[in-house]
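To keep things clear, I will list the structure first and then write my remarks on it.
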Amino acid sequence: MNKKYFKINDTTGLAVILKAGSSTFGKAVVDAYHPDVSGMPISFPDDSLGENRLGWQGVCPRVENPQNSYAAIREPIDRFRSALAQINLTDVDAVLDGLEAGERVNAHLHFQQDKIQDGTKLYKFPSDLEQLASDLGLEYPLPQINEGAVTNPPKPELTSEQEARVVAHYADDIALFDSITEAGQEYIAPPAPATDEAKQAKLKELKATRDSTYQGDLITSDGLPFRAHLEAIIDIQMLIQLLSQQATAEVPNPVYVGYSGSDGIARDITLSQFATALQEGAVRKMTAFATWNAKRALVDAATTAEEIDAI
């Protein structure tokens with residue numbers, strides 16, 4: 001999945017994360033690296049704020065999946081409260097119901113972790129902003145967007161139950177924020193989880209391998225080629241029964257004349273050679289199922305997509 005960043009240059013970008021200084025950073029990046037950008041944000045076209053208006057994140061040029069990437073990460077609970085104030089949502093429980101139900105939500109409520117790629121350098125918002133600005137070549141202090149012009153509603157106060165729901169929903173973002181112990185440390189993306197769909201696909205693949213292994217043509221230890229599908233096995237069992245009835249003390253190993261092998265060549269096959277084919281086919285089938293059962297257990301136990309792919 002492509003990640004979009006504010007464009008510092010063709011190989012360097014800053015993650016676009018709403019409610020983590022995105023308007024401020026959008027304006028700073030435009031000022032420093034894109035003086036040719038003449039348009040102003042259109043979020044509030046009639047507010048008479050000029051360059052002080054919000055929405056610079058929509059004007060700043062973007063770059064996808066840059067080689068060098070940076071991100072300001074905000075404490076998720078505070079970001080959630082700020083987002084609700086920004087978009088004027090006052091029914092906290094209704095917002096949480098929608099988030100937990102997986103409904104489409106306002107971009108201000110998106111997960112921060114979803115906006116960054118592996119290797120992105122991380123900075124806490126706002127405590128690491130000076131270091132981030134320095135590393136990006138931006139002037140500090142950063143531009144004060146919307147200062148004193150438009151007042152958002154107050155951030156909602158959360159009940160203990162609501163805060164617990166926010167913590168549960170943004171658990172990965174909280175872990176991400178808490179993991180930042182040094183400004184500029186690199187983000188290592190967590191392994192993709194093992195989904196039920198991926199497990200079912202792998203089991204289907206393993207079953208097909210199992211069946212083709214024991215049902216495929218068999219070359220016995222005698223060097224004879226036999227078909228090994230169910231109908232062929234039944235034929236071999238019937239021939240073993242027939243030849244066993246024909247066996248005598250004088251002829252203990254009677255021959256079936258003109259048996260067609262898996263290579264299409266007719267051969268004279270003895271009772272013992274049929275018995276060998278049946279026995280070795282059974283051993284091969286048991287081995288195939290033992291392997292299948294062992295790998296099925298690995299699939300059941302897998303927690304990441306990488307572990308499933310390795311099976």
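Every chain in the structure tokens takes a letter, A first, then B, and so on in the order presented; its residues are numbered from 1, and the ligands are numbered from 1 following the presented order.
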
Counting only C-alpha atoms, what is within 12 Å of Arg165 of chain A, bar same-chain residues fewer than 6 positions away, as a ChimeraX atom specification? /A:77,80,92-100,158-159,171

Residue neighbourhood Ala277 of chain A, 8 Å, only C-alpha atoms, exclusion window fewer than 4 positions, as number ranges by chain: A: 218, 220, 226, 273, 281

Store the residues picked out above, limited to N, CA and C atoms, as a compact mmCIF listing (two decimals), in the first residue's frame.
# COMPACT_ATOMS: atom_id res chain seq x y z
N LEU A 218 3.17 -44.05 -9.06
CA LEU A 218 4.10 -44.66 -8.09
C LEU A 218 5.12 -45.53 -8.80
N THR A 220 7.67 -48.32 -7.81
CA THR A 220 7.94 -49.17 -6.65
C THR A 220 9.44 -49.45 -6.53
N PHE A 226 3.27 -47.73 -11.46
CA PHE A 226 1.86 -48.01 -11.22
C PHE A 226 1.08 -46.70 -11.11
N GLN A 273 4.76 -58.52 -6.78
CA GLN A 273 4.98 -57.16 -7.27
C GLN A 273 3.75 -56.28 -7.06
N GLY A 281 2.40 -47.98 -1.74
CA GLY A 281 1.43 -46.92 -1.94
C GLY A 281 0.76 -46.52 -0.63

Filtered DSSP result for segment 71-288 of chain A, state helix (DSSP H, G or I), as a PyMOL selection string: chain A and resi 76-86+92-100+107-109+113-115+129-136+160-169+171-179+196-215+230-246+271-288

Which residue is closest to Asn68 of chain A? Choose from A:Ser244, A:Gln117, A:Asn106, A:Asn88 and count only C-alpha atoms.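 Residue with the minimum atom-to-atom distance to Asn68 of chain A: A:Gln117.
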
Show me, as JSON lines, the residues of segment 51-80 of chain A having an atom within 8 Å of segment 175-184 of chain A, each with the closest atom pair and its distance in Å, using only C-alpha atoms.
{"residue": "A:Tyr70", "atom": "CA", "partner": "A:Gly184", "partner_atom": "CA", "distance": 7.8}
{"residue": "A:Ile73", "atom": "CA", "partner": "A:Phe177", "partner_atom": "CA", "distance": 6.3}
{"residue": "A:Arg74", "atom": "CA", "partner": "A:Phe177", "partner_atom": "CA", "distance": 6.9}
{"residue": "A:Glu75", "atom": "CA", "partner": "A:Phe177", "partner_atom": "CA", "distance": 6.2}
{"residue": "A:Pro76", "atom": "CA", "partner": "A:Phe177", "partner_atom": "CA", "distance": 7.7}

Put those residues in a file: N, CA and C atoms, as an mmCIF file, in the first residue's frame.
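Saved as out00.cif:
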data_model
loop_
_atom_site.group_PDB
_atom_site.id
_atom_site.type_symbol
_atom_site.label_atom_id
_atom_site.label_comp_id
_atom_site.auth_asym_id
_atom_site.auth_seq_id
_atom_site.Cartn_x
_atom_site.Cartn_y
_atom_site.Cartn_z
ATOM 1 N N TYR A 70 9.903 10.559 7.431
ATOM 2 C CA TYR A 70 9.836 11.081 8.793
ATOM 3 C C TYR A 70 8.367 11.173 9.205
ATOM 4 N N ILE A 73 4.406 11.738 15.634
ATOM 5 C CA ILE A 73 3.370 10.869 16.185
ATOM 6 C C ILE A 73 2.804 11.504 17.459
ATOM 7 N N ARG A 74 1.491 11.655 17.494
ATOM 8 C CA ARG A 74 0.846 12.302 18.638
ATOM 9 C C ARG A 74 0.261 11.259 19.599
ATOM 10 N N GLU A 75 0.244 11.601 20.879
ATOM 11 C CA GLU A 75 -0.359 10.708 21.879
ATOM 12 C C GLU A 75 -1.807 10.451 21.462
ATOM 13 N N PRO A 76 -2.203 9.194 21.261
ATOM 14 C CA PRO A 76 -3.478 8.883 20.600
ATOM 15 C C PRO A 76 -4.736 9.352 21.328
#

Excluding segment 202-212 of chain A and residues on its chain fewer than 6 positions from it, collect all residues at most 8 Å away from it, counting only C-alpha atoms, and give them as a VMD selection string. chain A and resid 288 to 289 291 to 292 295 to 296 299 308 to 309

DSSP strand (DSSP E) selection over segment 53-298 of chain A, as a ChimeraX atom specification: /A:62-64,68-74,121-125,185-186,218-219,225-226,255-260,266-270

From the set A:Ser22, A:Gln279, A:Gln162, A:Ser260, which residue has the shortest atom-to-atom contact distance to Asp91 of chain A, counting only C-alpha atoms? A:Gln162

Restricting the calculation to only C-alpha atoms: of A:Leu14, A:Val37, A:Leu84, A:Ala249, which residue gets closest to Asn65 of chain A?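 Of the candidates, the smallest distance to Asn65 of chain A is held by A:Leu14.
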
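As for atom CA of Thr120 of chain A and atom CA of Ala71 of chain A, they are spaced 6.7 Å apart.
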
Would you work out the distance separating atom CA of Lys155 of chain A from atom CA of Ala72 of chain A, expressed in Å to one decimal?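 Taking atom CA of Lys155 of chain A and atom CA of Ala72 of chain A, their separation equals 20.7 Å.
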
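In terms of minimum interatomic distance to Gln67 of chain A, A:Asn9 ranks closest within A:Gln185, A:Ser82, A:Gln200, A:Asn9, counting only C-alpha atoms.
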
Point-to-point distance in Å for atom CA of Ser69 of chain A and atom CA of His108 of chain A: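 A separation of 20.7 Å between them.
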